[in-house]
Each structure stands twice: as structure tokens, then as C-alpha cells.
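This is work_0.cif. It holds mmCIF, C-alpha atoms.
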data_protein
loop_
_atom_site.group_PDB
_atom_site.id
_atom_site.type_symbol
_atom_site.label_atom_id
_atom_site.label_comp_id
_atom_site.auth_asym_id
_atom_site.auth_seq_id
_atom_site.Cartn_x
_atom_site.Cartn_y
_atom_site.Cartn_z
ATOM 1 C CA MET A 199 1.719 29.103 29.269
ATOM 2 C CA ARG A 200 4.293 26.908 27.625
ATOM 3 C CA LEU A 201 4.114 26.760 23.896
ATOM 4 C CA PHE A 202 4.996 23.571 22.140
ATOM 5 C CA LEU A 203 6.254 23.730 18.592
ATOM 6 C CA LYS A 204 4.942 21.020 16.320
ATOM 7 C CA ARG A 205 7.838 19.025 15.020
ATOM 8 C CA HIS A 206 7.863 17.137 11.744
ATOM 9 C CA ARG A 207 8.496 13.465 12.252
ATOM 10 C CA GLU A 208 11.622 12.285 10.540
ATOM 11 C CA PRO A 209 11.126 9.204 8.327
ATOM 12 C CA PRO A 210 12.620 5.993 9.743
ATOM 13 C CA PRO A 211 15.955 4.636 8.457
ATOM 14 C CA VAL A 212 15.733 3.131 4.961
ATOM 15 C CA GLY A 213 17.477 0.280 3.203
ATOM 16 C CA PRO A 214 17.111 -2.116 0.250
ATOM 17 C CA ASP A 215 14.049 -3.704 1.889
ATOM 18 C CA SER A 216 12.201 -0.387 2.238
ATOM 19 C CA ASN A 217 9.175 0.083 0.000
ATOM 20 C CA ASP A 218 8.988 2.872 -2.538
ATOM 21 C CA ALA A 219 6.742 5.093 -0.428
ATOM 22 C CA GLU A 220 9.199 4.900 2.478
ATOM 23 C CA LEU A 221 12.080 5.707 0.171
ATOM 24 C CA LEU A 222 10.286 8.704 -1.324
ATOM 25 C CA ALA A 223 9.541 10.004 2.166
ATOM 26 C CA ALA A 224 13.252 9.717 2.932
ATOM 27 C CA VAL A 225 14.140 11.468 -0.332
ATOM 28 C CA ALA A 226 11.785 14.281 0.652
ATOM 29 C CA ALA A 227 13.868 14.517 3.843
ATOM 30 C CA GLU A 228 16.955 14.890 1.609
ATOM 31 C CA ARG A 229 18.434 11.469 2.277
ATOM 32 C CA VAL A 230 20.727 10.718 -0.626
ATOM 33 C CA GLU A 231 20.920 6.998 0.155
ATOM 34 C CA ALA A 232 17.168 6.669 -0.423
ATOM 35 C CA LEU A 233 17.482 8.238 -3.890
ATOM 36 C CA ARG A 234 20.344 5.866 -4.661
ATOM 37 C CA ILE A 235 18.188 2.847 -3.781
ATOM 38 C CA LEU A 236 15.295 4.150 -5.868
ATOM 39 C CA HIS A 237 17.642 4.619 -8.819
ATOM 40 C CA GLN A 238 19.036 1.085 -8.475
ATOM 41 C CA ARG A 239 15.508 -0.305 -8.244
ATOM 42 C CA HIS A 240 13.809 1.620 -11.032
ATOM 43 C CA ALA A 241 16.401 2.836 -13.543
ATOM 44 C CA PRO A 242 16.772 -0.583 -15.278
ATOM 45 C CA TRP A 243 13.104 -1.031 -16.171
ATOM 46 C CA LEU A 244 12.733 2.662 -16.971
ATOM 47 C CA ARG A 245 15.572 2.328 -19.475
ATOM 48 C CA VAL A 246 13.904 -0.664 -21.115
ATOM 49 C CA ARG A 247 10.516 1.026 -21.417
ATOM 50 C CA LEU A 248 11.930 4.321 -22.641
ATOM 51 C CA ALA A 249 14.077 2.483 -25.186
ATOM 52 C CA ARG A 250 10.874 1.071 -26.669
ATOM 53 C CA ARG A 251 9.820 4.641 -27.406
ATOM 54 C CA CYS A 252 13.189 6.011 -28.516
ATOM 55 C CA SER A 253 16.224 4.178 -29.937
ATOM 56 C CA ASP A 254 18.673 6.983 -29.057
ATOM 57 C CA ALA A 255 20.403 5.610 -25.953
ATOM 58 C CA ASP A 256 21.874 9.008 -25.084
ATOM 59 C CA LEU A 257 18.434 10.650 -25.032
ATOM 60 C CA VAL A 258 17.106 7.807 -22.894
ATOM 61 C CA ASP A 259 19.971 8.259 -20.440
ATOM 62 C CA ASP A 260 19.336 12.002 -20.317
ATOM 63 C CA ALA A 261 15.656 11.368 -19.598
ATOM 64 C CA ILE A 262 16.493 8.959 -16.768
ATOM 65 C CA GLN A 263 18.976 11.386 -15.234
ATOM 66 C CA ASP A 264 16.417 14.188 -15.428
ATOM 67 C CA THR A 265 13.811 11.874 -13.919
ATOM 68 C CA PHE A 266 15.761 11.269 -10.726
ATOM 69 C CA VAL A 267 16.676 14.926 -10.442
ATOM 70 C CA ALA A 268 12.922 15.588 -10.525
ATOM 71 C CA VAL A 269 12.301 12.819 -7.972
ATOM 72 C CA TRP A 270 14.843 14.439 -5.645
ATOM 73 C CA ARG A 271 13.194 17.824 -6.071
ATOM 74 C CA ASP A 272 9.538 16.733 -5.988
ATOM 75 C CA ALA A 273 9.458 13.662 -3.712
ATOM 76 C CA HIS A 274 7.476 15.682 -1.174
ATOM 77 C CA ARG A 275 4.632 15.881 -3.709
ATOM 78 C CA TYR A 276 4.112 12.119 -3.857
ATOM 79 C CA ARG A 277 1.095 10.748 -1.990
ATOM 80 C CA ALA A 278 0.668 6.986 -1.641
ATOM 81 C CA GLN A 279 -3.105 7.285 -1.996
ATOM 82 C CA ASP A 280 -2.586 8.689 -5.495
ATOM 83 C CA GLY A 281 -1.197 5.390 -6.799
ATOM 84 C CA GLU A 282 1.926 3.257 -7.009
ATOM 85 C CA ALA A 283 5.217 5.084 -6.695
ATOM 86 C CA ALA A 284 6.561 3.262 -9.754
ATOM 87 C CA ALA A 285 3.726 4.651 -11.854
ATOM 88 C CA TRP A 286 4.441 8.138 -10.479
ATOM 89 C CA ILE A 287 8.104 7.796 -11.422
ATOM 90 C CA TRP A 288 7.192 6.471 -14.878
ATOM 91 C CA THR A 289 4.984 9.499 -15.529
ATOM 92 C CA ILE A 290 7.951 11.738 -14.772
ATOM 93 C CA ALA A 291 10.244 9.656 -16.989
ATOM 94 C CA ILE A 292 8.074 9.650 -20.098
ATOM 95 C CA ARG A 293 7.575 13.402 -19.831
ATOM 96 C CA ARG A 294 11.313 13.889 -19.481
ATOM 97 C CA LEU A 295 11.802 11.818 -22.627
ATOM 98 C CA ILE A 296 9.383 14.083 -24.469
ATOM 99 C CA SER A 297 11.379 17.091 -23.298
ATOM 100 C CA ALA A 298 14.650 15.484 -24.396
ATOM 101 C CA LEU A 299 13.209 14.685 -27.825
ATOM 102 C CA ARG A 300 11.898 18.213 -28.172
ATOM 103 C CA ARG A 301 15.298 19.674 -27.342
ATOM 104 C CA SER A 302 17.031 17.405 -29.839
ATOM 105 C CA GLY A 303 14.461 18.003 -32.565
ATOM 106 C CA ALA A 304 14.411 14.260 -33.242
ATOM 107 C CA ALA A 305 11.336 12.193 -33.979
ATOM 108 C CA PRO A 306 11.417 8.874 -32.077
ATOM 109 C CA PRO A 307 11.449 5.706 -34.191
ATOM 110 C CA VAL A 308 8.779 3.130 -33.448
ATOM 111 C CA ALA A 309 10.050 0.429 -31.109
ATOM 112 C CA ALA A 310 9.232 -3.255 -31.072
ATOM 113 C CA LEU A 311 7.277 -4.880 -28.253
ATOM 114 C CA ASP A 312 10.100 -7.217 -27.318
ATOM 115 C CA GLY A 313 12.007 -4.335 -25.809
ATOM 116 C CA SER A 314 14.443 -3.938 -28.707
ATOM 117 C CA PRO A 315 14.009 -0.789 -30.788
ATOM 118 C CA ALA A 316 13.034 -1.334 -34.404
ATOM 119 C CA THR A 317 16.215 0.447 -35.508
ATOM 120 C CA GLY A 318 19.486 0.715 -33.639
ATOM 121 C CA GLY A 319 18.955 0.445 -29.887
ATOM 122 C CA ARG A 320 22.396 -0.903 -29.037
ATOM 123 C CA ARG A 321 24.658 0.469 -26.366
ATOM 124 C CA SER A 322 28.241 -0.711 -25.904
ATOM 125 C CA GLY A 323 27.533 -3.552 -28.335
ATOM 126 C CA ARG A 324 24.736 -5.015 -26.216
ATOM 127 C CA PRO A 325 21.080 -4.984 -27.274
ATOM 128 C CA ILE A 326 18.573 -3.584 -24.808
ATOM 129 C CA SER A 327 16.393 -6.548 -23.835
ATOM 130 C CA ALA A 328 13.514 -7.388 -21.537
ATOM 131 C CA GLU A 329 15.980 -9.341 -19.376
ATOM 132 C CA LEU A 330 17.093 -6.026 -17.893
ATOM 133 C CA ILE A 331 13.664 -5.447 -16.385
ATOM 134 C CA THR A 332 13.704 -5.766 -12.624
ATOM 135 C CA GLU A 333 11.025 -7.668 -10.744
ATOM 136 C CA SER A 334 8.618 -5.063 -9.416
ATOM 137 C CA ALA A 335 4.870 -4.715 -9.116
ATOM 138 C CA GLU A 336 4.903 -2.131 -11.888
ATOM 139 C CA ASP A 337 6.858 -4.418 -14.198
ATOM 140 C CA ALA A 338 4.522 -7.331 -13.570
ATOM 141 C CA VAL A 339 1.660 -5.231 -14.886
ATOM 142 C CA LEU A 340 3.648 -3.926 -17.861
ATOM 143 C CA VAL A 341 4.883 -7.352 -18.894
ATOM 144 C CA GLY A 342 1.371 -8.742 -18.574
ATOM 145 C CA VAL A 343 -0.058 -6.014 -20.781
ATOM 146 C CA GLU A 344 2.637 -5.797 -23.399
ATOM 147 C CA HIS A 345 3.683 -9.450 -23.505
ATOM 148 C CA GLY A 346 0.554 -11.344 -22.419
ATOM 149 C CA ASP A 347 -2.672 -11.921 -24.362
ATOM 150 C CA LEU A 348 -3.094 -8.223 -25.014
ATOM 151 C CA GLY A 349 0.561 -8.021 -25.999
ATOM 152 C CA ALA A 350 -0.059 -10.525 -28.790
ATOM 153 C CA ALA A 351 -2.952 -8.403 -30.029
ATOM 154 C CA LEU A 352 -0.845 -5.237 -29.807
ATOM 155 C CA ALA A 353 1.860 -6.913 -31.880
ATOM 156 C CA ARG A 354 -0.656 -7.393 -34.712
ATOM 157 C CA LEU A 355 -1.263 -3.659 -34.999
ATOM 158 C CA SER A 356 0.672 -1.598 -37.512
ATOM 159 C CA PRO A 357 3.667 0.231 -35.975
ATOM 160 C CA ASP A 358 1.864 3.589 -36.220
ATOM 161 C CA LEU A 359 -1.273 2.365 -34.446
ATOM 162 C CA ARG A 360 0.710 0.476 -31.818
ATOM 163 C CA ALA A 361 2.809 3.555 -31.013
ATOM 164 C CA ALA A 362 -0.335 5.643 -30.506
ATOM 165 C CA ILE A 363 -1.816 3.076 -28.111
ATOM 166 C CA GLN A 364 1.457 2.720 -26.217
ATOM 167 C CA ALA A 365 1.737 6.464 -25.729
ATOM 168 C CA THR A 366 -1.846 7.198 -24.699
ATOM 169 C CA VAL A 367 -2.987 4.015 -22.969
ATOM 170 C CA LEU A 368 0.117 2.271 -21.630
ATOM 171 C CA ASP A 369 2.123 5.420 -20.938
ATOM 172 C CA GLY A 370 -0.820 7.539 -19.822
ATOM 173 C CA LEU A 371 0.114 10.559 -21.937
ATOM 174 C CA THR A 372 -2.389 13.164 -23.011
ATOM 175 C CA VAL A 373 -3.136 13.455 -26.719
ATOM 176 C CA ARG A 374 -0.986 16.573 -26.857
ATOM 177 C CA GLU A 375 1.960 14.881 -25.150
ATOM 178 C CA ALA A 376 1.612 11.812 -27.383
ATOM 179 C CA ALA A 377 1.617 14.047 -30.446
ATOM 180 C CA GLN A 378 4.848 15.674 -29.254
ATOM 181 C CA LEU A 379 6.437 12.302 -28.518
ATOM 182 C CA LEU A 380 5.446 10.777 -31.862
ATOM 183 C CA GLY A 381 5.970 13.899 -33.940
ATOM 184 C CA ILE A 382 2.469 13.901 -35.448
ATOM 185 C CA PRO A 383 -0.596 16.198 -35.188
ATOM 186 C CA GLU A 384 -3.003 15.721 -32.273
ATOM 187 C CA GLY A 385 -5.826 14.849 -34.666
ATOM 188 C CA THR A 386 -3.719 12.046 -36.115
ATOM 189 C CA VAL A 387 -3.118 10.662 -32.617
ATOM 190 C CA LYS A 388 -6.863 10.586 -31.932
ATOM 191 C CA THR A 389 -7.588 8.893 -35.244
ATOM 192 C CA ARG A 390 -4.898 6.250 -34.745
ATOM 193 C CA VAL A 391 -6.043 5.504 -31.204
ATOM 194 C CA MET A 392 -9.636 5.014 -32.368
ATOM 195 C CA ARG A 393 -8.509 2.726 -35.186
ATOM 196 C CA ALA A 394 -6.210 0.792 -32.868
ATOM 197 C CA LYS A 395 -8.941 0.251 -30.282
ATOM 198 C CA ALA A 396 -11.340 -0.945 -32.979
ATOM 199 C CA GLN A 397 -8.792 -3.444 -34.280
ATOM 200 C CA LEU A 398 -7.917 -4.648 -30.766
ATOM 201 C CA ARG A 399 -11.575 -5.296 -30.026
ATOM 202 C CA GLY A 400 -11.699 -7.457 -33.123
ATOM 203 C CA TYR A 401 -8.509 -9.343 -32.241
ATOM 204 C CA LEU A 402 -9.662 -10.016 -28.676
ATOM 205 C CA ALA A 403 -13.258 -10.939 -29.517
#
Go through the file and emit its structure as C-alpha cells.
Amino acid sequence: MRLFLKRHREPPPVGPDSNDAELLAAVAAERVEALRILHQRHAPWLRVRLARRCSDADLVDDAIQDTFVAVWRDAHRYRAQDGEAAAWIWTIAIRRLISALRRSGAAPPVAALDGSPATGGRRSGRPISAELITESAEDAVLVGVEHGDLGAALARLSPDLRAAIQATVLDGLTVREAAQLLGIPEGTVKTRVMRAKAQLRGYLA
């Protein structure tokens, strides 16, 4: 009896018009060009969002580099049914930023909602601005949250409360991860999030 070996189907050719899921499948098949396209597509908005959490451009760059190394290594773990690929990549990026901050021993300064860090935030003489954000489904959601009606309410919060909400709600970090990112105790994170939510309810009522 002839035995047939089950062969894995190779992903189809990819290009700039390929969606993120197709590109990640190609990355899982070790196609460097797919990783390059993902980097071109997502690195700009990742840099903007990470810069809102940390004004050290070098740490942000390190986090982005580590992010795409992780994407190359772990692309096979991504499942489209688990959510948008951009959100999956963002989760990797914010955790890599936490790791970079931990290694440096630096506490991240609070960043402004307009995309420019509250202190510093310049690289090669150019301010990091929201204009660098690429047009993607993930960005549309982020801009709507942080710069729409809710964005106006977020801007009214104190920097400490806003940072806690950004880390736990917008970035999807656990309380422990948020505490590491912000350099404060976990109990303080919980307290600030509760206070921030209470104030937001009042602003949006």
C-alpha cells in the first residue's frame, strides 16, 4: 500500500497588497520579504505609540527592533481568529518596551496625547508627531479613542491617571506589567485606574 506523506501547504506569494495575516503566514515560512513589508507597514505607528509611553528614542528603537525579531520567531503562533494582527504586534511591542525600560533602570516620563512626549521626544531635530502614523485599521481605532470624544476626556485627566488608563485599558497590559512600565506599585496602578474611570464617567455623562 502506497503511503502518502502529508505536505504543508506553502503560503502564496506576498507583496505590499497582502494583508497582515498573509504576511505573518509567510514570515512563519521564513520569508524575509514578508517581514520587511510588515516592518514598513507597522513600525511607524508603533514608534509613535511607544514614544507616548517613553521619551527615550533609543529605548523605543530597541523595543521596535526586538518586536520584529519576536515576530520573526513567533509568527507561527499567530491565529487570525484571536484578533487583528496589528493588535498582536502591539502587544509584543509594549512588552518589549517594558523589558527595555527594565534593563535601563529608567522610569518612563508621562507622554502627551498628541503623540509628543511631555519631555524631550526629539530625534534628529524632528519632533515625533501623529503625522507619522500610517493608515491602518488598528490606527483608526487608536486615533478614535485617544483623539476623539474619549480622547478629549482622557486629556482632562491628570498625567498620572491618564498614564494608568493608557497602560491598562488602551495598551492592554496587566496591572503588574503596567506597574513595571510606570515604575509604581501594583496597588497604586489599581487605585489610579479606579479614580480615572470614575472621572471619565463624569466627563462623559
A:Leu257, A:Ala351, A:Ala365, A:Leu402 ranked by distance to Ser297 of chain A, top pick (using all atoms listed in the file)
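Going through A:Leu257, A:Ala351, A:Ala365, A:Leu402 one by one, the smallest distance to Ser297 of chain A is for A:Leu257.
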Just the residues within 10 Å of Ala376 of chain A, please, counting all atoms listed in the file, with nothing from its chain fewer than 4 positions along; format it as a ChimeraX atom specification.
/A:292-293,296,361-366,369-372,380-384,387-388
Using all atoms listed in the file, which of the listed residues (A:Gln378, A:Ser356, A:Gln263, A:Ser253) sits closest to Arg301 of chain A?
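Closest to Arg301 of chain A of all the choices is A:Gln378.
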Ranking A:Val212, A:Leu299, A:Leu352, A:Ala227 by minimum distance to Glu375 of chain A and counting all atoms listed in the file, which one comes first?
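The shortest atom-to-atom distance to Glu375 of chain A comes from A:Leu299.
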Once the PyMOL selection byres ((chain A and resi 223) around 12) has been applied to the shown file, what residues remain in the selection, as a VMD selection string?
chain A and resid 207 to 212 216 to 222 224 to 233 236 269 to 278 283
Tell me, as JSON, numbers by chain, which residues lie within 8 Å of Arg245 of chain A, counting all atoms listed in the file; anything in the same chain fewer than 5 positions away does not count.
{"A": [258, 259, 262]}
Pull out every residue that the PyMOL selection byres ((chain A and resi 240) around 9) matches in the shown coordinates and put them as a list in words.
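Against this file, the PyMOL selection byres ((chain A and resi 240) around 9) returns the residues Ile235, Leu236, His237, Gln238, Arg239, Ala241, Pro242, Trp243, Leu244, Arg245, Ala284, Ile287, Ile331, Thr332 and Ser334 of chain A.
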Could the residues in this selection be saved with C-alpha atoms as an mmCIF file, in the frame of the given file?
data_model
loop_
_atom_site.group_PDB
_atom_site.id
_atom_site.type_symbol
_atom_site.label_atom_id
_atom_site.label_comp_id
_atom_site.auth_asym_id
_atom_site.auth_seq_id
_atom_site.Cartn_x
_atom_site.Cartn_y
_atom_site.Cartn_z
ATOM 1 C CA ILE A 235 18.188 2.847 -3.781
ATOM 2 C CA LEU A 236 15.295 4.150 -5.868
ATOM 3 C CA HIS A 237 17.642 4.619 -8.819
ATOM 4 C CA GLN A 238 19.036 1.085 -8.475
ATOM 5 C CA ARG A 239 15.508 -0.305 -8.244
ATOM 6 C CA ALA A 241 16.401 2.836 -13.543
ATOM 7 C CA PRO A 242 16.772 -0.583 -15.278
ATOM 8 C CA TRP A 243 13.104 -1.031 -16.171
ATOM 9 C CA LEU A 244 12.733 2.662 -16.971
ATOM 10 C CA ARG A 245 15.572 2.328 -19.475
ATOM 11 C CA ALA A 284 6.561 3.262 -9.754
ATOM 12 C CA ILE A 287 8.104 7.796 -11.422
ATOM 13 C CA ILE A 331 13.664 -5.447 -16.385
ATOM 14 C CA THR A 332 13.704 -5.766 -12.624
ATOM 15 C CA SER A 334 8.618 -5.063 -9.416
#
Which value, in Å to one decimal, gives the distance between atom CA of Asp254 of chain A and atom CA of Ala268 of chain A?
21.2 Å
Grab all the atoms of segment 248-262 of chain A that the file lists, wrap them in a box along x, y and z, add 6 Å per side, and give me centre plus edge lengths in Å (one decimal) as JSON.
{"center_x": 15.8, "center_y": 6.5, "center_z": -23.4, "size_x": 24.1, "size_y": 22.9, "size_z": 25.2}
When you draw a straight line from atom CA of Asp358 of chain A to atom CA of Thr265 of chain A, how long is it in Å?
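We find that atom CA of Asp358 of chain A and atom CA of Thr265 of chain A lie 26.6 Å from each other.
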What does the PyMOL selection byres ((chain A and resi 400) around 12) select in this file, as a PDB file with C-alpha atoms, keeping the file's coordinate frame?
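See expr-v1.pdb below for the written result:
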ATOM      1  CA  LEU A 348      -3.094  -8.223 -25.014  1.00  0.00           C
ATOM      2  CA  ALA A 351      -2.952  -8.403 -30.029  1.00  0.00           C
ATOM      3  CA  LEU A 352      -0.845  -5.237 -29.807  1.00  0.00           C
ATOM      4  CA  ARG A 354      -0.656  -7.393 -34.712  1.00  0.00           C
ATOM      5  CA  LEU A 355      -1.263  -3.659 -34.999  1.00  0.00           C
ATOM      6  CA  ARG A 393      -8.509   2.726 -35.186  1.00  0.00           C
ATOM      7  CA  ALA A 394      -6.210   0.792 -32.868  1.00  0.00           C
ATOM      8  CA  LYS A 395      -8.941   0.251 -30.282  1.00  0.00           C
ATOM      9  CA  ALA A 396     -11.340  -0.945 -32.979  1.00  0.00           C
ATOM     10  CA  GLN A 397      -8.792  -3.444 -34.280  1.00  0.00           C
ATOM     11  CA  LEU A 398      -7.917  -4.648 -30.766  1.00  0.00           C
ATOM     12  CA  ARG A 399     -11.575  -5.296 -30.026  1.00  0.00           C
ATOM     13  CA  TYR A 401      -8.509  -9.343 -32.241  1.00  0.00           C
ATOM     14  CA  LEU A 402      -9.662 -10.016 -28.676  1.00  0.00           C
ATOM     15  CA  ALA A 403     -13.258 -10.939 -29.517  1.00  0.00           C
TER      16      ALA A 403
END
Between A:Val373, A:Leu368, A:Val391, A:Ala261, which is the closest to Ala285 of chain A once you count only C-alpha atoms?
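Of A:Val373, A:Leu368, A:Val391, A:Ala261, the one nearest Ala285 of chain A is A:Leu368, counting only C-alpha atoms.
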Computed gap from atom CA of Val246 of chain A to atom CA of Gly213 of chain A is 24.6 Å
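Remark: for Pro357 of chain A, the closest of the candidate residues A:Arg250, A:Arg234, A:Ala291, A:Asp260 is A:Arg250 (distances computed over all atoms listed in the file).
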My list of candidates is A:Ala353, A:Pro214, A:Leu379, A:Arg360. Which is closest to Arg294 of chain A when distances are computed with all atoms listed in the file?
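Going through A:Ala353, A:Pro214, A:Leu379, A:Arg360 one by one, the smallest distance to Arg294 of chain A is for A:Leu379.
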